[in-house]
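Everything below belongs to entry_9.cif, which stores mmCIF, C-alpha atoms.
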```cif
data_protein
loop_
_atom_site.label_atom_id
_atom_site.label_comp_id
_atom_site.auth_asym_id
_atom_site.auth_seq_id
_atom_site.Cartn_x
_atom_site.Cartn_y
_atom_site.Cartn_z
CA MET A 103 10.56 -9.34 -26.08
CA ARG A 104 11.36 -12.47 -24.04
CA TRP A 105 8.32 -14.30 -22.72
CA HIS A 106 7.92 -15.62 -19.17
CA LEU A 107 8.12 -19.35 -19.90
CA GLY A 108 8.60 -20.09 -16.21
CA ARG A 109 5.42 -18.17 -15.40
CA VAL A 110 3.49 -20.02 -18.13
CA SER A 111 4.54 -23.32 -16.60
CA GLN A 112 3.44 -21.98 -13.21
CA ILE A 113 0.00 -21.22 -14.62
CA PHE A 114 -0.48 -24.71 -16.03
CA GLY A 115 0.73 -26.14 -12.75
CA LEU A 116 -1.88 -24.02 -10.98
CA LEU A 117 -4.62 -25.24 -13.28
CA ARG A 118 -3.64 -28.88 -12.67
CA SER A 119 -3.58 -28.43 -8.90
CA PRO A 120 -6.84 -29.51 -7.22
CA GLY A 121 -6.15 -27.20 -4.29
CA HIS A 122 -6.55 -24.02 -6.36
CA VAL A 123 -9.65 -22.31 -7.68
CA PRO A 124 -9.88 -22.65 -11.51
CA VAL A 125 -8.92 -19.57 -13.48
CA ALA A 126 -9.52 -18.34 -17.00
CA VAL A 127 -6.65 -19.80 -19.05
CA GLY A 128 -6.64 -17.26 -21.84
CA ALA A 129 -6.63 -14.22 -19.57
CA LEU A 130 -3.85 -15.54 -17.36
CA LEU A 131 -1.71 -16.60 -20.31
CA THR A 132 -2.14 -13.17 -21.85
CA ALA A 133 -1.12 -11.48 -18.61
CA ALA A 134 1.92 -13.69 -18.15
CA LEU A 135 3.18 -13.55 -21.73
CA VAL A 136 2.72 -9.82 -22.08
CA ALA A 137 5.00 -9.13 -19.10
CA GLY A 138 8.24 -9.09 -21.08
CA CYS A 139 10.98 -6.48 -21.00
CA GLY A 140 11.28 -2.73 -20.63
CA THR A 141 10.62 -0.38 -17.74
CA VAL A 142 7.66 1.13 -15.93
CA ALA A 143 6.49 4.30 -17.61
CA ALA A 144 6.62 7.43 -15.48
CA ALA A 145 3.51 9.50 -14.88
CA PRO A 146 3.15 11.74 -17.94
CA HIS A 147 3.07 14.99 -15.97
CA ALA A 148 5.32 14.07 -13.01
CA ALA A 149 8.12 16.42 -14.05
CA ARG A 150 5.86 19.44 -13.61
CA LEU A 151 4.80 18.55 -10.08
CA PRO A 152 6.55 19.48 -6.83
CA PRO A 153 8.74 16.86 -5.13
CA SER A 154 6.88 14.03 -3.43
CA ALA A 155 7.63 12.23 -0.16
CA THR A 156 6.37 8.91 -1.53
CA PRO A 157 7.12 5.93 0.74
CA SER A 158 8.05 2.47 -0.52
CA LEU A 159 5.36 0.26 -2.01
CA ALA A 160 6.10 -2.18 0.82
CA THR A 161 3.25 -1.87 3.29
CA SER A 162 0.88 -3.81 5.53
CA GLU A 163 -2.62 -3.52 6.92
CA ALA A 164 -4.51 -5.31 9.67
CA SER A 165 -8.20 -5.94 10.20
CA ALA A 166 -10.11 -7.77 12.90
CA THR A 167 -9.73 -11.06 11.00
CA GLU A 168 -6.32 -10.97 9.30
CA THR A 169 -3.15 -9.02 8.60
CA TRP A 170 -1.43 -8.82 5.22
CA ALA A 171 1.98 -7.48 4.26
CA VAL A 172 3.67 -6.81 0.93
CA VAL A 173 7.48 -7.03 0.75
CA VAL A 174 9.92 -7.07 -2.19
CA MET A 175 12.31 -10.04 -2.32
CA GLY A 176 14.95 -11.38 -4.67
CA GLY A 177 17.64 -9.29 -6.28
CA SER A 178 18.26 -6.30 -8.50
CA SER A 179 15.30 -4.43 -9.91
CA ALA A 180 17.50 -3.30 -12.82
CA ALA A 181 17.83 -6.97 -13.83
CA HIS A 182 14.12 -7.60 -13.11
CA ASN A 183 15.05 -10.01 -10.33
CA ASN A 184 12.93 -8.21 -7.74
CA PHE A 185 9.72 -10.12 -7.04
CA TRP A 186 7.06 -8.74 -4.71
CA GLN A 187 5.53 -11.16 -2.25
CA LEU A 188 2.31 -11.16 -0.24
CA PHE A 189 2.22 -12.66 3.25
CA THR A 190 -0.88 -13.12 5.39
CA ARG A 191 -1.54 -14.03 9.00
CA SER A 192 -4.92 -14.88 10.46
CA ALA A 193 -5.93 -13.06 13.63
CA LYS A 194 -6.12 -16.50 15.23
CA ALA A 195 -2.58 -17.46 14.22
CA ALA A 196 0.88 -16.39 15.34
CA ARG A 197 2.75 -17.26 12.14
CA TRP A 198 2.84 -15.75 8.66
CA THR A 199 2.08 -17.63 5.43
CA LEU A 200 3.24 -16.92 1.87
CA ALA A 201 0.14 -15.98 -0.13
CA THR A 202 1.43 -14.44 -3.38
CA PRO A 203 -1.02 -15.03 -6.27
CA PRO A 204 0.61 -17.10 -9.03
CA GLY A 205 0.49 -16.48 -12.75
CA VAL A 206 1.84 -13.00 -13.51
CA ALA A 207 5.31 -11.49 -13.14
CA ASP A 208 5.04 -9.03 -10.26
CA ASN A 209 8.30 -7.07 -10.62
CA GLY A 210 6.29 -3.83 -10.61
CA GLY A 211 4.79 -4.46 -7.18
CA LEU A 212 1.60 -5.72 -5.55
CA ALA A 213 -1.34 -3.82 -4.12
CA VAL A 214 -3.93 -5.41 -1.84
CA ALA A 215 -7.55 -4.52 -1.06
CA ASP A 216 -9.42 -6.01 1.92
CA VAL A 217 -13.05 -6.58 0.86
CA GLY A 218 -14.41 -8.42 3.89
CA PRO A 219 -13.48 -11.06 6.48
CA GLY A 220 -10.90 -13.34 4.88
CA SER A 221 -11.46 -11.80 1.45
CA LEU A 222 -8.67 -10.06 -0.46
CA VAL A 223 -8.18 -8.72 -3.97
CA THR A 224 -4.62 -8.32 -5.22
CA ALA A 225 -3.52 -6.10 -8.10
CA VAL A 226 -0.24 -6.65 -9.96
CA ARG A 227 1.31 -3.30 -10.79
CA PRO A 228 2.33 -3.18 -14.46
CA SER A 229 6.02 -3.34 -15.31
CA GLN A 230 8.08 -4.05 -18.38
CA ASP A 231 5.65 -4.64 -21.31
CA LEU A 232 2.59 -5.21 -19.13
CA THR A 233 0.26 -2.24 -19.67
CA PHE A 234 -2.80 -3.28 -17.66
CA THR A 235 -3.35 -4.34 -14.05
CA PRO A 236 -4.32 -8.01 -13.53
CA LEU A 237 -6.42 -8.78 -10.45
CA SER A 238 -6.73 -11.93 -8.34
CA ALA A 239 -9.37 -12.64 -5.71
CA SER A 240 -9.30 -14.85 -2.62
CA ARG A 241 -11.95 -15.72 -0.04
CA ASP A 242 -9.66 -17.63 2.32
CA GLU A 243 -6.89 -15.15 3.24
CA GLY A 244 -4.81 -15.98 0.18
CA VAL A 245 -4.78 -19.77 0.37
CA HIS A 246 -6.54 -20.05 -3.00
CA TRP A 247 -6.85 -17.44 -5.76
CA SER A 248 -9.09 -17.02 -8.77
CA GLN A 249 -8.88 -14.59 -11.63
CA GLY A 250 -10.43 -11.26 -10.57
CA GLY A 251 -10.57 -9.54 -13.93
CA LEU A 252 -8.33 -6.61 -14.70
CA LEU A 253 -8.02 -2.85 -14.60
CA SER A 254 -7.22 -1.69 -18.13
CA ALA A 255 -4.99 1.11 -16.83
CA SER A 256 -1.79 1.06 -14.78
CA LEU A 257 -1.97 1.68 -11.03
CA ALA A 258 -0.31 4.83 -9.74
CA GLY A 259 3.03 4.41 -7.99
CA PHE A 260 1.94 5.21 -4.43
CA PRO A 261 1.34 2.68 -1.62
CA ASP A 262 -2.38 3.27 -0.98
CA VAL A 263 -3.93 3.64 -4.45
CA PHE A 264 -5.93 0.40 -4.33
CA ALA A 265 -8.54 -0.25 -1.65
CA GLY A 266 -11.71 -2.18 -0.95
CA ALA A 267 -14.85 -2.07 1.12
CA SER A 268 -16.84 -4.82 2.79
CA GLY A 269 -19.04 -6.43 0.17
CA GLY A 270 -16.42 -6.32 -2.58
CA ARG A 271 -16.33 -2.72 -3.82
CA LEU A 272 -12.96 -1.52 -5.15
CA ILE A 273 -11.34 1.84 -5.81
CA ALA A 274 -8.12 2.46 -7.74
CA LEU A 275 -5.97 5.43 -8.74
CA THR A 276 -4.20 5.18 -12.09
CA ARG A 277 -0.95 6.66 -13.36
CA ARG A 278 -2.96 9.12 -15.42
CA GLY A 279 -4.53 10.51 -12.27
CA ASP A 280 -7.94 8.90 -12.71
CA ALA A 281 -9.96 7.40 -9.86
CA GLN A 282 -12.00 4.37 -10.91
CA VAL A 283 -14.43 2.16 -9.00
CA ALA A 284 -15.91 -1.33 -9.45
CA VAL A 285 -18.70 -3.08 -7.54
CA HIS A 286 -16.53 -6.19 -7.20
CA ALA A 287 -13.48 -7.89 -8.71
CA GLY A 288 -14.27 -8.87 -12.29
CA ALA A 289 -16.92 -6.16 -12.73
CA THR A 290 -16.62 -3.26 -15.17
CA TRP A 291 -14.59 -0.32 -13.88
CA THR A 292 -16.23 3.12 -14.08
CA SER A 293 -14.82 6.61 -13.67
CA LEU A 294 -15.24 8.28 -10.30
CA ALA A 295 -13.11 11.37 -10.80
CA SER A 296 -9.89 12.62 -12.33
CA GLU A 297 -7.01 14.43 -10.73
CA ARG A 298 -7.96 17.47 -12.79
CA SER A 299 -11.62 17.41 -11.78
CA VAL A 300 -10.74 17.19 -8.08
CA ALA A 301 -8.14 19.95 -8.48
CA ALA A 302 -10.71 22.14 -10.24
CA SER A 303 -13.29 21.80 -7.45
CA PRO A 304 -13.50 24.59 -4.84
CA ALA A 305 -11.87 22.29 -2.28
CA GLY A 306 -9.15 21.29 -4.73
CA ARG A 307 -8.37 24.90 -5.60
CA ALA A 308 -8.21 25.87 -1.93
CA CYS A 309 -5.75 23.02 -1.36
CA GLY A 310 -3.73 23.73 -4.50
CA LEU A 311 -3.91 20.01 -5.30
CA ALA A 312 -0.74 18.88 -7.07
CA ARG A 313 -1.49 15.16 -7.32
CA LEU A 314 -3.67 12.39 -5.91
CA THR A 315 -1.68 9.94 -3.83
CA ALA A 316 -4.18 7.71 -1.99
CA ALA A 317 -7.71 6.34 -2.06
CA ALA A 318 -9.89 4.51 0.45
CA PHE A 319 -13.47 3.88 1.47
CA SER A 320 -14.76 5.35 4.71
CA PRO A 321 -16.21 2.86 7.22
CA ALA A 322 -19.61 3.75 5.76
CA GLY A 323 -18.42 2.85 2.25
CA VAL A 324 -18.00 6.40 0.90
CA PRO A 325 -15.04 6.90 -1.48
CA LEU A 326 -12.24 9.12 -0.18
CA LEU A 327 -9.43 10.59 -2.30
CA ALA A 328 -6.28 12.17 -0.92
CA GLY A 329 -3.23 13.94 -2.25
CA GLN A 330 -0.55 16.59 -2.04
CA CYS A 331 -1.48 20.23 -1.37
CA THR A 332 0.64 23.23 -2.30
CA GLN A 333 -1.36 25.74 -0.26
CA PRO A 334 0.10 25.97 3.27
CA GLY A 335 -1.92 24.43 6.07
CA ARG A 336 -4.32 22.50 3.83
CA VAL A 337 -4.73 18.72 4.07
CA GLY A 338 -5.83 17.15 0.80
CA ILE A 339 -8.50 14.62 1.75
CA PHE A 340 -11.70 14.84 -0.30
CA VAL A 341 -15.14 13.26 -0.30
CA SER A 342 -17.77 13.43 -3.02
CA GLY A 343 -20.97 15.32 -2.27
CA GLY A 344 -23.44 17.63 -3.98
CA GLY A 345 -22.01 16.96 -7.42
CA THR A 346 -18.51 18.10 -6.47
CA TRP A 347 -15.62 17.21 -4.18
CA ARG A 348 -15.53 18.80 -0.74
CA ALA A 349 -12.70 19.04 1.74
CA ALA A 350 -12.72 16.30 4.37
CA GLY A 351 -9.24 16.69 5.82
CA PRO A 352 -8.31 17.78 9.34
CA VAL A 353 -7.20 21.25 10.40
CA LEU A 354 -3.50 21.33 11.21
CA PRO A 355 -2.22 22.84 14.48
CA PRO A 356 -0.85 26.41 14.33
CA SER A 357 2.74 25.12 14.40
CA LEU A 358 2.20 23.48 11.00
CA ALA A 359 -0.21 25.98 9.46
CA ARG A 360 2.45 27.47 7.16
CA ARG A 361 3.63 24.18 5.68
CA ASP A 362 2.58 22.27 2.58
CA THR A 363 1.19 18.81 3.28
CA GLU A 364 1.08 15.44 1.57
CA VAL A 365 -1.01 12.39 2.44
CA LEU A 366 1.47 9.50 2.58
CA GLY A 367 -1.04 6.84 3.57
CA LEU A 368 -4.78 6.36 3.97
CA ALA A 369 -6.67 3.32 5.25
CA SER A 370 -9.96 2.43 6.92
CA THR A 371 -9.80 -0.37 9.45
CA ASP A 372 -11.66 -1.28 12.61
CA GLY A 373 -14.46 1.25 11.98
CA ALA A 374 -12.24 4.31 11.50
CA THR A 375 -10.13 6.02 8.86
CA ALA A 376 -6.46 6.74 9.55
CA ALA A 377 -4.25 9.09 7.53
CA LEU A 378 -0.49 9.51 7.65
CA LEU A 379 0.49 13.09 6.78
CA GLN A 380 3.78 14.83 6.12
CA ALA A 381 3.84 18.57 6.73
CA GLY A 382 6.75 20.48 5.25
CA SER A 383 9.85 19.06 3.59
CA GLY A 384 13.54 18.60 4.24
CA ALA A 385 14.85 19.32 7.72
CA ALA A 386 11.56 21.00 8.71
CA ALA A 387 9.29 18.06 7.80
CA SER A 388 7.03 16.52 10.43
CA LEU A 389 4.76 13.49 10.53
CA VAL A 390 1.21 13.76 11.79
CA THR A 391 -1.36 11.00 12.12
CA ALA A 392 -5.07 11.79 11.86
CA TRP A 393 -8.06 9.60 12.74
CA SER A 394 -11.74 9.97 11.85
CA ALA A 395 -14.67 7.73 12.77
CA ASP A 396 -17.26 9.61 10.72
CA GLY A 397 -15.90 9.80 7.19
CA GLY A 398 -13.80 12.93 7.67
CA ARG A 399 -16.24 15.25 9.43
CA HIS A 400 -14.22 15.18 12.64
CA TRP A 401 -10.57 14.27 13.20
CA ARG A 402 -8.18 13.64 16.05
CA LEU A 403 -4.52 14.43 15.49
CA SER A 404 -1.33 13.07 16.96
CA VAL A 405 1.41 15.33 18.23
CA PRO A 406 3.75 16.14 15.30
CA PHE A 407 6.90 14.04 15.00
CA GLY A 408 9.90 15.92 13.60
CA LEU A 409 11.69 13.91 10.91
CA ARG A 410 14.93 15.94 11.23
CA GLY A 411 15.81 15.47 7.58
CA LEU A 412 14.88 11.77 7.43
CA ALA A 413 12.17 10.31 5.20
CA VAL A 414 9.47 7.67 5.54
CA ARG A 415 10.53 4.31 4.17
CA SER A 416 7.27 2.41 4.65
CA ALA A 417 4.05 2.64 6.60
CA ALA A 418 1.86 -0.01 8.25
CA PHE A 419 -1.73 0.32 9.47
CA GLY A 420 -2.93 -1.76 12.41
CA VAL A 421 -6.23 -2.21 14.23
CA GLY A 422 -7.47 0.52 16.54
CA GLY A 423 -5.79 3.22 14.47
CA ALA A 424 -2.22 2.07 15.12
CA ILE A 425 0.36 3.19 12.56
CA GLY A 426 3.99 2.10 12.33
CA VAL A 427 6.59 3.82 10.16
CA THR A 428 10.13 2.82 9.19
CA LEU A 429 12.58 5.63 8.49
CA THR A 430 15.64 6.15 6.33
CA GLY A 431 19.09 6.76 7.70
CA GLY A 432 19.24 3.69 9.94
CA ALA A 433 17.02 5.43 12.50
CA GLY A 434 14.73 2.43 12.96
CA ALA A 435 11.02 3.08 13.28
CA VAL A 436 8.35 5.01 15.13
CA ALA A 437 4.74 4.17 15.89
CA VAL A 438 1.53 5.39 17.42
CA THR A 439 -0.99 3.01 18.99
CA GLY A 440 -4.11 4.97 18.10
CA PRO A 441 -6.05 8.22 18.56
CA GLY A 442 -4.60 10.40 21.29
CA ALA A 443 -1.38 8.39 21.57
CA ALA A 444 2.06 9.96 21.23
CA TRP A 445 4.72 8.85 18.78
CA ARG A 446 7.21 6.45 20.31
CA SER A 447 10.55 5.34 18.95
CA LEU A 448 11.09 1.64 18.30
CA PRO A 449 14.52 0.00 18.58
CA PRO A 450 16.74 0.09 15.48
CA LEU A 451 15.79 -2.60 12.99
CA PRO A 452 17.33 -6.02 13.65
CA ALA A 453 21.04 -6.59 13.11
CA GLY A 454 21.80 -7.30 9.50
CA ALA A 455 19.07 -5.00 8.19
CA ALA A 456 21.51 -2.12 7.67
CA GLY A 457 21.87 -1.43 3.99
CA VAL A 458 18.69 -3.30 3.08
CA PRO A 459 16.88 -1.41 0.29
CA ALA A 460 14.01 0.73 1.53
CA ALA A 461 11.43 -1.55 -0.06
CA ALA A 462 12.79 -4.69 1.66
CA ALA A 463 11.81 -3.86 5.26
CA THR A 464 8.46 -2.95 6.73
CA LEU A 465 6.41 -3.19 9.90
CA ALA A 466 3.21 -5.14 10.44
CA ALA A 467 0.76 -5.27 13.30
CA GLY A 468 1.67 -8.00 15.76
CA PRO A 469 -0.65 -10.86 16.79
CA GLY A 470 -1.19 -9.15 20.14
CA SER A 471 -0.33 -5.48 20.35
CA GLY A 472 2.48 -3.48 18.85
CA PHE A 473 4.33 -4.19 15.61
CA GLU A 474 6.57 -6.81 14.08
CA ALA A 475 9.48 -6.13 11.71
CA LEU A 476 9.52 -8.01 8.40
CA ILE A 477 13.00 -8.10 6.84
CA ALA A 478 13.74 -9.59 3.41
CA HIS A 479 17.18 -10.82 2.28
CA GLY A 480 17.12 -12.42 -1.16
CA GLY A 481 14.69 -15.32 -0.90
CA GLN A 482 14.39 -15.30 2.89
CA LEU A 483 11.92 -13.35 5.00
CA SER A 484 12.63 -13.05 8.72
CA VAL A 485 9.97 -11.96 11.20
CA TRP A 486 11.00 -10.17 14.38
CA GLN A 487 9.03 -9.26 17.49
CA LEU A 488 9.89 -6.74 20.17
CA THR A 489 11.48 -8.29 23.23
CA VAL A 490 9.88 -8.02 26.65
CA GLY A 491 10.28 -4.41 27.65
CA GLY A 492 10.51 -3.29 24.04
CA THR A 493 14.26 -2.66 24.07
CA GLY A 494 15.20 -4.94 21.15
CA TRP A 495 14.00 -7.51 18.62
CA GLU A 496 13.89 -11.29 18.64
CA GLN A 497 13.45 -13.49 15.58
CA VAL A 498 10.28 -15.58 15.71
CA GLN A 499 9.91 -16.95 12.17
CA VAL A 500 11.78 -17.50 8.91
CA ILE A 501 10.06 -18.08 5.57
CA LYS A 502 12.06 -19.20 2.52
CA VAL A 503 10.62 -18.22 -0.84
CA ALA A 504 11.61 -19.75 -4.20
CA ILE A 505 12.55 -16.70 -6.28
CA PRO A 506 12.39 -17.29 -10.07
CA TYR A 507 15.59 -15.40 -10.86
CA GLY A 508 16.03 -14.66 -14.56
CA SER A 509 12.40 -15.35 -15.49
CA SER A 510 11.57 -11.69 -16.12
CA GLY A 511 14.67 -10.48 -17.95
#
```

Representation of the structure as structure tokens:
Amino acid sequence: MRWHLGRVSQIFGLLRSPGHVPVAVGALLTAALVAGCGTVAAAPHAARLPPSATPSLATSEASATETWAVVVMGGSSAAHNNFWQLFTRSAKAARWTLATPPGVADNGGLAVADVGPGSLVTAVRPSQDLTFTPLSASRDEGVHWSQGGLLSASLAGFPDVFAGASGGRLIALTRRGDAQVAVHAGATWTSLASERSVAASPAGRACGLARLTAAAFSPAGVPLLAGQCTQPGRVGIFVSGGGTWRAAGPVLPPSLARRDTEVLGLASTDGATAALLQAGSGAAASLVTAWSADGGRHWRLSVPFGLRGLAVRSAAFGVGGAIGVTLTGGAGAVAVTGPGAAWRSLPPLPAGAAGVPAAAATLAAGPGSGFEALIAHGGQLSVWQLTVGGTGWEQVQVIKVAIPYGSSG
């Protein structure tokens, strides 16, 4: 195993810097030195499950106070030169800021939970020899970070498996299919459910639950779990109640009632829960967005959007229920602005984005309305806004990031 000497130096630099919140030296050194070489272990039972339509881990989410986005930058993942970066933008600002927590190699990806105005908790997905999930906490939109404890297990490899609620509560899905909760970052994690226990519930059996793919808190702070159903017409969103898990997903329209469904994304922002669903697979697959303001008791659905053989690259959640999606095949992106809105096509991604790996491009809610495109090339992130009339993109910001190539090999 080769240790991350560059990361160790980064930690000591952080501790010497008066502008950063002090952290626990031993815990951070352990996290940094453990992240050596190897590969991320696959879910132990993945081979027995049906194919998944999992989007990239690149994603973004907006609240009334800030927007955050996670993008992969650098080089080859095979050489461990891919480093995931977190960017934030205050609702009062027009420009993005690099906010990646220092201290741990993040080749496996980052997951972010919003736990209140200006407050974020970031989880580093294990990769190489790292077998646990280090957490960092910030109360100022990522300007300063402190150690937030750790999750002893590895996060699952889906975009929305780590979420927070106002007041600090956290929920996480692990690679073993367990759902765990904590009252705040640094607190002891406790078991909420397992993939098997949800699948064995009456609602799970009716859905034919194959796997859990997302977790969130409802606006009222109630845990929600979501996944992939194998029974046609069922949407796998579940809420705990009466000692078991009950179905909380929407009813699909008749045109989709014979298709299997998977929850690709789940988030609660601006007083409502939004879910991104895929019904069917291959050439017959369609996207549907669902919104609920009462924890899943009632839902509003978008008109289905036919994927025509394409797949979802990444998904972004904005305020008011807006959802933006980038697609494979150079087809650009589509978005909905909220409940009752129709899908609309966005212009193809900016010139030069062709051939960019799926994880290197995503959308994020704009400072006004609509979405921005975040495109990463090596150590440079370019931010693009729609032009007046929405017929193209114009570059509005460039952020250069120092990538520590070779530090994780």

**OP:** Can you pull out every residue within 9 Å of A:Ala504, counting only C-alpha atoms, but drop anything in the same chain fewer than 2 positions away, and send it as a list of chain:residue names?
**Re:**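 Once the nearby chain positions are removed, what remains is A:Gly481, A:Gln482, A:Lys502, A:Pro506, A:Tyr507.
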
Subject >> Which of A:Pro452, A:Pro356, A:Gly338, A:Pro325 sits closest to A:Leu311 [using only C-alpha atoms] >> reply: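 Closest candidate: A:Gly338.
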
**OP:** Translate the PyMOL selection byres ((chain A and resi 284) around 10), as applied to the file shown, into an explicit residue set as a list of chain:residue names.
**Re:**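 Selected by the PyMOL selection byres ((chain A and resi 284) around 10) here: A:Leu253, A:Gly266, A:Gly270, A:Arg271, A:Leu272, A:Ile273, A:Ala274, A:Gln282, A:Val283, A:Val285, A:His286, A:Ala287, A:Gly288, A:Ala289, A:Thr290, A:Trp291, A:Thr292, A:Ser293, A:Leu294.
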
Take the residues that were just selected and, keeping C-alpha atoms, output them as an mmCIF file, in the coordinates of the input.
```
data_model
loop_
_atom_site.group_PDB
_atom_site.id
_atom_site.type_symbol
_atom_site.label_atom_id
_atom_site.label_comp_id
_atom_site.auth_asym_id
_atom_site.auth_seq_id
_atom_site.Cartn_x
_atom_site.Cartn_y
_atom_site.Cartn_z
ATOM 1 C CA LEU A 253 -8.020 -2.850 -14.600
ATOM 2 C CA GLY A 266 -11.710 -2.180 -0.950
ATOM 3 C CA GLY A 270 -16.420 -6.320 -2.580
ATOM 4 C CA ARG A 271 -16.330 -2.720 -3.820
ATOM 5 C CA LEU A 272 -12.960 -1.520 -5.150
ATOM 6 C CA ILE A 273 -11.340 1.840 -5.810
ATOM 7 C CA ALA A 274 -8.120 2.460 -7.740
ATOM 8 C CA GLN A 282 -12.000 4.370 -10.910
ATOM 9 C CA VAL A 283 -14.430 2.160 -9.000
ATOM 10 C CA VAL A 285 -18.700 -3.080 -7.540
ATOM 11 C CA HIS A 286 -16.530 -6.190 -7.200
ATOM 12 C CA ALA A 287 -13.480 -7.890 -8.710
ATOM 13 C CA GLY A 288 -14.270 -8.870 -12.290
ATOM 14 C CA ALA A 289 -16.920 -6.160 -12.730
ATOM 15 C CA THR A 290 -16.620 -3.260 -15.170
ATOM 16 C CA TRP A 291 -14.590 -0.320 -13.880
ATOM 17 C CA THR A 292 -16.230 3.120 -14.080
ATOM 18 C CA SER A 293 -14.820 6.610 -13.670
ATOM 19 C CA LEU A 294 -15.240 8.280 -10.300
#
```

**OP:** Apply the PyMOL selection byres ((chain A and resi 219) around 9) to the displayed file and report the matching residues as a ChimeraX atom specification.
**Re:** /A:165-168,216-218,220-222,241-243,268

How would the residues just chosen look if you wrote them out with C-alpha atoms as a tab-separated table (two decimals), in the frame of the given file?
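As written to disk, again23.tsv reads:
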```tsv
chain	number	residue	atom	x	y	z
A	165	SER	CA	-8.20	-5.94	10.20
A	166	ALA	CA	-10.11	-7.77	12.90
A	167	THR	CA	-9.73	-11.06	11.00
A	168	GLU	CA	-6.32	-10.97	9.30
A	216	ASP	CA	-9.42	-6.01	1.92
A	217	VAL	CA	-13.05	-6.58	0.86
A	218	GLY	CA	-14.41	-8.42	3.89
A	220	GLY	CA	-10.90	-13.34	4.88
A	221	SER	CA	-11.46	-11.80	1.45
A	222	LEU	CA	-8.67	-10.06	-0.46
A	241	ARG	CA	-11.95	-15.72	-0.04
A	242	ASP	CA	-9.66	-17.63	2.32
A	243	GLU	CA	-6.89	-15.15	3.24
A	268	SER	CA	-16.84	-4.82	2.79
```

Subject >> Residues selected by the PyMOL selection byres ((chain A and resi 319) around 8), written as a ChimeraX atom specification >> reply: /A:265-267,273,317-318,320-326,369-370

Original post:
In Å, with one decimal, what is the gap from atom CA of A:Gly442 to atom CA of A:Val365?
Top reply: 19.3 Å

Subject >> Counting only C-alpha atoms, the residue of A:Trp495, A:Trp247, A:Trp401, A:Trp186 that sits nearest A:Thr375 >> reply: A:Trp401

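Across the model, the gap from atom CA of A:Leu327 to atom CA of A:Phe340 is 5.2 Å.
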
Distance query A:Ala437 at most 12 Å, all atoms listed in the file, self and fewer than 4 positions along chain excluded, as a compact mmCIF listing (two decimals) with C-alpha atoms, in the frame of the given file:
```txt
# COMPACT_ATOMS: atom_id res chain seq x y z
CA LEU A 378 -0.49 9.51 7.65
CA LEU A 389 4.76 13.49 10.53
CA VAL A 390 1.21 13.76 11.79
CA THR A 391 -1.36 11.00 12.12
CA SER A 404 -1.33 13.07 16.96
CA VAL A 405 1.41 15.33 18.23
CA PHE A 407 6.90 14.04 15.00
CA VAL A 414 9.47 7.67 5.54
CA SER A 416 7.27 2.41 4.65
CA ALA A 417 4.05 2.64 6.60
CA ALA A 418 1.86 -0.01 8.25
CA PHE A 419 -1.73 0.32 9.47
CA GLY A 420 -2.93 -1.76 12.41
CA GLY A 423 -5.79 3.22 14.47
CA ALA A 424 -2.22 2.07 15.12
CA ILE A 425 0.36 3.19 12.56
CA GLY A 426 3.99 2.10 12.33
CA VAL A 427 6.59 3.82 10.16
CA THR A 428 10.13 2.82 9.19
CA LEU A 429 12.58 5.63 8.49
CA PRO A 441 -6.05 8.22 18.56
CA ALA A 443 -1.38 8.39 21.57
CA ALA A 444 2.06 9.96 21.23
CA TRP A 445 4.72 8.85 18.78
CA ARG A 446 7.21 6.45 20.31
CA SER A 447 10.55 5.34 18.95
CA LEU A 448 11.09 1.64 18.30
CA PRO A 449 14.52 0.00 18.58
CA LEU A 465 6.41 -3.19 9.90
CA ALA A 466 3.21 -5.14 10.44
CA ALA A 467 0.76 -5.27 13.30
CA SER A 471 -0.33 -5.48 20.35
CA GLY A 472 2.48 -3.48 18.85
CA PHE A 473 4.33 -4.19 15.61
CA GLU A 474 6.57 -6.81 14.08
```

Original post:
Do you have the atom CA of A:His400-atom CA of A:Val214 distance handy?
Top reply: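 Atom CA of A:Val214 lies at a distance of 27.2 Å from atom CA of A:His400.
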